[in-house]
Structure formats: C-alpha cells, structure tokens
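S.K.: Please find one structure pasted underneath; my questions will follow.
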Amino acid sequence: MERSVVFAGFGGQGVLFAGQLLAHAAADAGLHVTWIPSYGPEMRGGTANCTVVVGDEPIGSPLVRHPDMVVAMNLPSTDKYEPLVKPGGVLIVNGSLVTRPIEREDIQVIVIPANEMAEKLGSQRMANVVMLGALQEAGDILVGMEDLEEALRNYLPARHAHLLEANIQALHAGAAFVRERALAPA
Amino acid sequence: MSKELWKGNEALAEAAIRAGAEAFFGYPITPQSELLEYMSRRMPELGRVFLQAESEIGAINMVYGAASAGVRVMTSSSSPGISLMQEGLSYIAGSEVPVVLVDIMRGGPGLGNIQPSQGDYNQMVKSAGHGDFHSIVLAPSTLQEAIDLIYDSFELAFRYRTIVVILGDGSLGQMMEPVEMPPFKEWPNERPDWALRGAKGRPPNLITSLYLGAEKLEALNLRLQEKLARIKAHEQRHATFMAEDAETLIVAFGTVGRIATSAVRQARAEGMKVGLFRPITLWPWPEEALDALLETGRIKNILVVEMNAGQMLEDVERIVARRVPVRFYGRMGGAIPLPDDILPILREMQGRPAGEMAATEPVLA
C-alpha cells in the first residue's frame with residue numbers, strides 16, 4: 001500500500017513545509033515515507049513543489065510521474081498537475097488564487113478558498129495547512145488527523161509557536177470544508 | 001520512537017560526525033551544500049575542526065595534510081568540485097593516507113546543472129585521478145544506507161589506508177526519510193605508527209607520492225596493486241530484491257536502484273519474473289555475486305538502468321561476458337528514470353507487448 005502526494009505552489013506558500021508535516025506524521029506513525037523537493041531551475045522560476053510517498057513497505061521510487069493526490073496552491077501548479085493526477089485521484093485546488101474551472105472529470109476535485117479561510121483564522125500564511133487538512137479529509141493519505149495535529153505540535157518552527165493553535169484550527173477547517181461540501185446538494 | 005526524519009545531506013554529516021570525523025575541509029556547491037553548512041555548525045560545537053577552504057583544490061590539500069597526521073578527515077563536494085580535487089586525490093592515493101570523500105553527483109559535463117545524475121561513475125570508480133589506483137566506492141540507495149555506509153567508512157579508510165567515496169546524487173542529498181542515527185563511535189587515542197605526529201624519540205616518518213626512481217615507484221605501485229587485490233577479495237557488497245527466481249534482472253545502483261524496486265514490484269504484480277541486483281560497492285564491483293546469479297542459468301536477460309549514458313553498463317557487460325543479452329536504459333542531464341519508463345522495457349524483455357509507452361518528458365527533483 002503506497003500513496004503519492006505532490007504539494008505545489010509559489011515559493012513562500014509553505015508547500016515544502018506542508019509536505020514535511022505529512023512526512024513527519026507518517027514517520028512518527030511508523031510508516032515508510034520519502035519527501036523530496038524540487039530544488040532545480042523550477043524553483044528559481046518562483047514555483048516550488050515536493051513529492052511525498054507514504055507506504056507500509058520500504059519506498060522505492062521517491063518520485064512519480066502520476067501522483068495519487070496533488071495539492072495545488074496556485075495557477076501554474078494547477079495547470080501543470082491537473083493533467084498528471086492519476087485517474088481516480090484527488091486534486092485540491094486553492095480557489096483563492098485559481099478561478100478557472102477544473103476540467104478533469106475522472107478525479108475528485110476540491111476547490112477551497114484556502115487564503116481567505118486562513119486569513120480568518122489569523123494569517124493567510126496558514127493556507128498550506130488548510131489545504132493539508134482538506135487533503136486528509138478528501139484523500140486516503142494513510143495518516144490520521146491526530147497524526148497531523150501531533151506533527152504540527154512537534155515540528156512547527158519555534159518562531160511560529162504563537163500560531164500553533166491557529167494552525168491546528170486551520171487543519172480542521174480544511175477538513176470541515178470538505179465534509180460540508182460532501183453533504184451539500186450538488 | 002527511534003526513527004527521525006532527516007534530510008540526506010545533513011544525515012550524512014551527522015553520521016560522519018558520529019562515526020568519528022575529527023576534521024572537515026570543504027567548499028560549498030549545490031546540491032551538497034547543506035552537508036558543509038551542517039558541519040560548520042556542528043563541528044565547532046564538538047570541538048572539532050571545520051574549515052571552508054578558498055576552493056576545492058585548497059580543501060582537498062588540507063584533507064591530504066590532516067590525513068597525513070593520522071586524523072579522521074573528510075570532505076564533500078559535487079561533480080565539478082570533485083573534478084577540481086582530482087590532483088589531490090591522486091596524491092592522497094599515492095601517499096596511502098585514509099580519507100573519506102562524499103560526492104553528491106549533479107548533471108554534467110561541465111557546470112551542467114544541479115539536478116541528480118550518476119555521471120561521475122567513471123570518474124569515481126575507474127580512477128579519481130592520474131595513475132593506477134582505485135578508491136573504495138560505496139553507493140547508498142536510501143538515507144539509512146547512506147548513514148550506515150559512512151558510519152563504517154573511517155574504519156575502511158584506515159584499514160586499507162585508502163580513499164573511501166560515498167557516491168550519492170542530488171536527490172539523495174535533498175530528500176528526507178526517517179532514519180535511525182547510530183551512537184557516537186569510540187576511537188582509541190593512539191595514532192597509526194605511519195602518521196606524522198612529530199618524530200621526537202623515533203625515526204621520522206615520510207608521507208609522499210614522489211618517487212623519482214623507477215624502481216621505488218614500481219615497488220609502490222606493486223604494493224598498491226596488492227592492496228587493491230585484498231580489497232577486491234574482501235569488500236564486495238551488493239543487495240538483491242526478488243532475484244531468487246528472476247528471469248529478467250535489473251542492475252542499477254544508488255537512487256536508480258531504489259527506483260528499480262518499484263519497477264520490480266509493478267512487474268511482479270503483472271506476473272513477470274523480474275528481480276533487481278544492486279551493487280553497493282561500485283569498486284570493488286560485486287562481480288562474484290552477479291556471476292553466481294548468472295551461473296544458475298535462470299537469468300535470461302539483463303537491463304542496466306542508470307542516470308548517465310551507460311557508464312556502469314561497461315562493467316556489467318564485462319562480467320556478463322555475452323552469456324545473456326544486456327539492454328540499457330539511461331536518462332541524463334538531471335532527468336530521473338521512473339518505474340513507468342522501465343516497465344515497458346521489462347515487458348518486451350519478458351516477451352510481452354510493451355503496452356503504452358510512458359511519456360518521456362523528465363520528472364525533475
């Protein structure tokens with residue numbers, strides 16, 4: 001059993017950190033996991049991404065051509081990864097920055113106003129954690145909400161300690177958005 | 001919980017420190033710089049030596065000096081930086097002093113790029129400089145293996161008075177994985193009797209690679225060859241994955257070795273008898289083990305996969321010696337071969353329709 005997730009967005013949106021939170025949560029839950037960032041010319045162009053592979057067996061390839069799940073924080077990432085998500089997979093799109101319709105019909109798409117939701121909770125910079133919460137609810141990432149919460153408690157950098165509770169709220173807000181959307185009439 | 005998430009470059013640095021590294025001399029270069037940065041913080045904390053040299057040439061000659069004093073010394077760099085170090089590495093080999101070197105390979109030739117590559121195979125495995133010598137070259141495929149290999153590298157370097165190379169690539173340096181850090185190693189206080197520590201009360205030692213007389217230089221070379229033969233006899237290491245009943249065998253090292261395990265799993269899920277042979281020592285190459293697998297007669301064909309144009313392929317072909325067909329798949333310039341790329345080739349080699357060929361645009365780290 002193995003799951004692959006790509007987190008992609010502008011540098012500064014915290015996509016690498018969101019991936020690390022998932023990786024920490026998986027590692028601390030005793031799962032196998034790899035986290036690998038884009039560190040090449042793409043990053044210089046202003047976008048960043050990382051790939052996280054979680055599994056119950058040692059991870060082979062840390063990179064995948066077609067990820068099971070993608071968290072796209074901006075338009076360039078959405079344009080790049082919408083066609084690459086594995087059929088049947090999950091695409092979480094930051095609706096605060098991506099206003100175009102998503103065309104794929106063979107995947108589950110969640111468009112979530114992550115910036116506004118994070119802003120309401122205290123800081124737009126927690127949009128990455130809102131998206132991570134939405135991912136946990138929408139997709140099967142093999143780690144639970146409590147594992148991600150624990151990862152926030154253990155690995156949120158000390159300089160952001162005052163935002164810990166807000167981050168935990170952001171995580172739950174992302175998940176709640178997905179649950180409510182599932183209940184809403186189509 | 002003993003496993004912690006570490007970044008490759010930093011894990012290598014911490015493991016080297018726990019292995020007993022007393023001095024680090026280096027010069028920053030992507031995608032290896034975090035190793036040096038980590039050393040710059042951690043070594044002074046422990047009262048050990050960290051020095052950023054003026055260049056890779058300066059660094060390797062500082063390493064040469066410290067190694068001559070019997071100090072556990074190391075450096076790290078990436079491909080173009082390693083090229084700069086070649087003269088010093090040859091002097092170190094000729095002088096028979098122990099050194100640990102980490103090469104986190106990037107795309108070449110030339111300045112190339114900072115993406116992962118295995119283009120230094122020839123440079124590191126065939127000879128890291130002029131003259132007849134080989135370093136022991138260790139090729140980890142996971143962060144835990146990288147830690148375990150560097151942890152024992154000073155023993156290997158001192159046992160044989162040789163260079164030990166940890167050969168990784170940019171993705172190994174940049175990625176994170178849960179690992180278990182080993183404890184700090186205890187070393188005896190005495191220095192080897194060949195070391196330059198001040199000759200008060202004993203005849204002076206001489207560390208040199210300069211022998212103007214042919215007789216003496218040939219004698220050194222014969223001694224080096226005898227040592228290389230001993231290393232070859234005792235230090236071949238490899239790993240296999242589902243190779244017991246394999247008909248098609250992938251041969252791959254380092255990062256490509258771990259990627260190949262995914263291809264093997266997918267091939268097995270399709271009912272194909274595919275396995276993996278992964279050399280851990282690239283010098284000495286584990287030829288006895290590959291030879292033994294071939295001697296079973298089960299292997300029908302071999303696929304070599306590398307992030308270069310087929311540098312290890314030449315070694316595999318030499319060992320296989322035309323007993324079975326050998327195919328090659330390689331990506332260059334920072335592109336990484338993925339299981340999707342490898343699978344259609346495996347199907348063909350198993351006499352099946354290749355199926356839809358994967359897209360070949362590079363997936364970049």
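Here, A, B, ... name the chains of the structure tokens in the order displayed, residue numbers run from 1 inside each chain, and ligands are numbered from 1 in the same displayed order.
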May I ask you to extract the residues of chain A within 8 Å of chain B, using only C-alpha atoms, and to give them as a PyMOL selection string?
M.R.: chain A and resi 23-24+27-28+32-40+59-65
S.K.: Output the selection as a short mmCIF file (atom, residue, chain, number, x, y, z; two decimals), in the first residue's frame - all heavy atoms for each residue.
M.R.:
data_model
loop_
_atom_site.label_atom_id
_atom_site.label_comp_id
_atom_site.auth_asym_id
_atom_site.auth_seq_id
_atom_site.Cartn_x
_atom_site.Cartn_y
_atom_site.Cartn_z
N ALA A 23 5.11 14.15 5.99
CA ALA A 23 6.21 13.19 6.12
C ALA A 23 6.50 12.89 7.59
O ALA A 23 6.69 11.73 7.98
CB ALA A 23 7.46 13.73 5.42
N HIS A 24 6.52 13.95 8.42
CA HIS A 24 6.73 13.74 9.86
C HIS A 24 5.62 12.89 10.45
O HIS A 24 5.88 11.97 11.23
CB HIS A 24 6.75 15.10 10.59
CG HIS A 24 8.08 15.79 10.53
ND1 HIS A 24 9.23 15.24 11.05
CD2 HIS A 24 8.44 16.99 10.03
CE1 HIS A 24 10.25 16.08 10.88
NE2 HIS A 24 9.79 17.15 10.24
N ALA A 27 6.14 9.35 9.39
CA ALA A 27 7.31 8.74 10.04
C ALA A 27 6.99 8.42 11.50
O ALA A 27 7.30 7.33 11.99
CB ALA A 27 8.51 9.68 9.95
N ASP A 28 6.35 9.37 12.19
CA ASP A 28 6.05 9.16 13.60
C ASP A 28 4.96 8.12 13.81
O ASP A 28 4.84 7.55 14.89
CB ASP A 28 5.67 10.49 14.27
CG ASP A 28 6.87 11.43 14.37
OD1 ASP A 28 8.01 10.95 14.14
OD2 ASP A 28 6.70 12.62 14.67
N HIS A 32 6.62 4.02 6.33
CA HIS A 32 7.74 4.42 5.48
C HIS A 32 7.33 5.67 4.72
O HIS A 32 6.18 5.80 4.31
CB HIS A 32 8.09 3.30 4.49
CG HIS A 32 8.59 2.07 5.16
ND1 HIS A 32 9.91 1.90 5.49
CD2 HIS A 32 7.94 0.96 5.59
CE1 HIS A 32 10.06 0.73 6.08
NE2 HIS A 32 8.89 0.13 6.17
N VAL A 33 8.28 6.56 4.52
CA VAL A 33 7.94 7.80 3.82
C VAL A 33 9.19 8.42 3.20
O VAL A 33 10.30 8.29 3.73
CB VAL A 33 7.25 8.80 4.77
CG1 VAL A 33 8.16 9.22 5.91
CG2 VAL A 33 6.74 10.03 4.02
N THR A 34 9.02 9.04 2.03
CA THR A 34 10.07 9.87 1.45
C THR A 34 9.49 11.25 1.14
O THR A 34 8.31 11.36 0.81
CB THR A 34 10.62 9.28 0.14
OG1 THR A 34 9.55 9.08 -0.78
CG2 THR A 34 11.34 7.96 0.37
N TRP A 35 10.34 12.26 1.28
CA TRP A 35 9.98 13.64 0.94
C TRP A 35 11.08 14.17 0.05
O TRP A 35 12.26 14.06 0.40
CB TRP A 35 9.88 14.47 2.23
CG TRP A 35 9.68 15.94 2.05
CD1 TRP A 35 8.50 16.62 2.07
CD2 TRP A 35 10.70 16.95 1.87
NE1 TRP A 35 8.72 17.97 1.91
CE2 TRP A 35 10.06 18.21 1.78
CE3 TRP A 35 12.10 16.91 1.77
CZ2 TRP A 35 10.75 19.40 1.61
CZ3 TRP A 35 12.80 18.10 1.58
CH2 TRP A 35 12.12 19.34 1.51
N ILE A 36 10.71 14.62 -1.11
CA ILE A 36 11.76 15.14 -2.00
C ILE A 36 11.28 16.44 -2.63
O ILE A 36 10.18 16.52 -3.17
CB ILE A 36 12.19 14.08 -3.04
CG1 ILE A 36 13.39 14.57 -3.86
CG2 ILE A 36 11.07 13.65 -3.96
CD1 ILE A 36 14.06 13.45 -4.65
N PRO A 37 12.08 17.50 -2.50
CA PRO A 37 11.68 18.81 -3.01
C PRO A 37 12.12 18.99 -4.45
O PRO A 37 13.05 18.32 -4.91
CB PRO A 37 12.45 19.77 -2.12
CG PRO A 37 13.74 19.05 -1.85
CD PRO A 37 13.40 17.57 -1.82
N SER A 38 11.48 19.91 -5.15
CA SER A 38 12.09 20.40 -6.38
C SER A 38 13.12 21.40 -5.92
O SER A 38 12.83 22.27 -5.12
CB SER A 38 11.05 21.10 -7.25
OG SER A 38 10.54 22.23 -6.59
N TYR A 39 14.36 21.26 -6.37
CA TYR A 39 15.36 22.22 -5.91
C TYR A 39 16.09 22.82 -7.11
O TYR A 39 17.06 23.54 -6.96
CB TYR A 39 16.35 21.55 -4.95
CG TYR A 39 17.20 20.47 -5.59
CD1 TYR A 39 18.44 20.78 -6.14
CD2 TYR A 39 16.76 19.16 -5.63
CE1 TYR A 39 19.22 19.79 -6.72
CE2 TYR A 39 17.53 18.18 -6.21
CZ TYR A 39 18.76 18.49 -6.75
OH TYR A 39 19.53 17.53 -7.34
N GLY A 40 15.59 22.52 -8.31
CA GLY A 40 16.30 22.94 -9.50
C GLY A 40 15.79 24.24 -10.08
O GLY A 40 15.32 25.11 -9.35
N ILE A 59 9.91 2.47 0.68
CA ILE A 59 9.56 3.22 -0.53
C ILE A 59 10.62 2.97 -1.59
O ILE A 59 11.81 3.10 -1.33
CB ILE A 59 9.47 4.73 -0.24
CG1 ILE A 59 8.58 5.02 0.97
CG2 ILE A 59 8.99 5.49 -1.48
CD1 ILE A 59 7.14 4.59 0.81
N GLY A 60 10.16 2.62 -2.79
CA GLY A 60 11.09 2.50 -3.91
C GLY A 60 11.32 3.89 -4.47
O GLY A 60 12.09 4.68 -3.93
N SER A 61 10.62 4.20 -5.55
CA SER A 61 10.83 5.49 -6.19
C SER A 61 10.25 6.63 -5.35
O SER A 61 9.07 6.62 -5.02
CB SER A 61 10.17 5.49 -7.57
OG SER A 61 10.40 6.74 -8.19
N PRO A 62 11.07 7.63 -5.02
CA PRO A 62 10.55 8.79 -4.28
C PRO A 62 9.85 9.80 -5.19
O PRO A 62 9.29 10.77 -4.70
CB PRO A 62 11.82 9.41 -3.67
CG PRO A 62 12.92 9.03 -4.60
CD PRO A 62 12.53 7.71 -5.23
N LEU A 63 9.94 9.58 -6.49
CA LEU A 63 9.29 10.46 -7.46
C LEU A 63 8.30 9.65 -8.29
O LEU A 63 8.52 8.47 -8.54
CB LEU A 63 10.32 11.08 -8.40
CG LEU A 63 11.17 12.22 -7.83
CD1 LEU A 63 12.37 12.47 -8.70
CD2 LEU A 63 10.35 13.49 -7.67
N VAL A 64 7.23 10.31 -8.72
CA VAL A 64 6.23 9.62 -9.55
C VAL A 64 5.83 10.55 -10.70
O VAL A 64 5.87 11.77 -10.55
CB VAL A 64 4.97 9.24 -8.75
CG1 VAL A 64 5.25 8.12 -7.77
CG2 VAL A 64 4.41 10.45 -8.01
N ARG A 65 5.47 9.96 -11.81
CA ARG A 65 5.01 10.76 -12.94
C ARG A 65 3.54 11.16 -12.72
O ARG A 65 3.14 12.26 -13.02
CB ARG A 65 5.15 9.96 -14.23
CG ARG A 65 5.10 10.82 -15.49
CD ARG A 65 5.29 9.99 -16.74
NE ARG A 65 6.63 9.42 -16.86
CZ ARG A 65 7.72 10.12 -17.18
NH1 ARG A 65 7.64 11.40 -17.40
NH2 ARG A 65 8.88 9.53 -17.27
#
S.K.: If you count only C-alpha atoms, which residues fall within 6 Å of Ala114 in chain A, apart from same-chain ones fewer than 5 positions away, as a list in words?
M.R.: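 Result of the neighbour search: Asn94, Ala127 and Val130 of chain A.
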S.K.: Given the selection you just returned, output its residues as a file containing C-alpha atoms, formatted as a PDB file, in the first residue's frame.
M.R.:
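Contents of the output file selection-v9.pdb:
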ATOM      1  CA  ASN A  94      -6.554  26.804  -3.834  1.00  0.00           C
ATOM      2  CA  ALA A 127      -3.332  28.413   3.711  1.00  0.00           C
ATOM      3  CA  VAL A 130      -5.888  24.472   5.430  1.00  0.00           C
TER       4      VAL A 130
END
S.K.: Please run DSSP on the backbone and report, as a ChimeraX atom specification, all residues within range 144-329 of chain B that come out as alpha helix (DSSP H).
M.R.: /B:144-151,153-160,170-174,214-234,254-269,287-295,311-320
S.K.: With distances taken over only C-alpha atoms, which residue among A:Ile110, A:Ala72, A:Leu164, A:Ala151 lies nearest Glu180 in chain A?
M.R.: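 Among the listed residues, A:Ile110 lies closest to Glu180 in chain A.
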S.K.: Can you pull out every residue within 6 Å of range 131-138 of chain A, counting only C-alpha atoms, but drop anything in the same chain fewer than 6 positions away, and send it as a ChimeraX atom specification?
M.R.: /A:171-172,174-175,178
S.K.: For range 182-197 of chain B, list every protein, DNA or RNA residue within 8 Å, evaluated using only C-alpha atoms, and leave out those in the same chain fewer than 3 positions away; present the list as a ChimeraX atom specification.
M.R.: /B:15,17-20,68-71,151,205-207
S.K.: How many Å lie between CA of Gln225 in chain B and CA of Glu96 in chain B, rounded to one decimal?
M.R.: 12.1 Å
S.K.: Which of these residues is nearest to Lys120 in chain A, using only C-alpha atoms: A:Ala173, A:Val98, A:Val53, A:Ala26?
M.R.: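 When distances to Lys120 in chain A are compared using only C-alpha atoms, the smallest one comes from A:Ala173.
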S.K.: Pick from B:Arg331, B:Gly108, B:Ala267, B:Ala11: nearest to Ile147 in chain B, with only C-alpha atoms counted?
M.R.: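 For Ile147 in chain B, the nearest of the given residues is B:Ala11.
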S.K.: For Met62 in chain B, list every protein, DNA or RNA residue within 10 Å, evaluated using only C-alpha atoms, and leave out those in the same chain fewer than 2 positions away; present the list as number ranges by chain.
M.R.: B: 23-26, 51, 53, 56-60, 64-68, 73-75, 88
S.K.: Out of A:Leu156, A:Leu75, A:Leu84, A:Met69, which residue has the shortest atom-to-atom distance to Val129 in chain A when counting only C-alpha atoms?
M.R.: A:Leu156
S.K.: Rank A:Val15, A:Val143, A:Leu152, A:Leu22 by their smallest atom-to-atom distance to Ser77 in chain A, using only C-alpha atoms, and report the top residue only.
M.R.: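 Among A:Val15, A:Val143, A:Leu152, A:Leu22, it is A:Val15 that comes nearest to Ser77 in chain A.
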S.K.: Under the rule that only C-alpha atoms are counted, which of B:Ile319, B:Ile345, B:Met124, B:Leu222 is the nearest residue to Met85 in chain B?
M.R.: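 Of B:Ile319, B:Ile345, B:Met124, B:Leu222, the one nearest Met85 in chain B is B:Met124, counting only C-alpha atoms.
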S.K.: Among range 61-182 of chain A, which residues carry a DSSP assignment of strand (DSSP E), reported as a list in words?
M.R.: Met69, Val70, Val71, Ala72, Val90, Leu91, Ile92, Val93, Asn94, Gln108, Val109, Ile110, Val111 and Ile112 of chain A
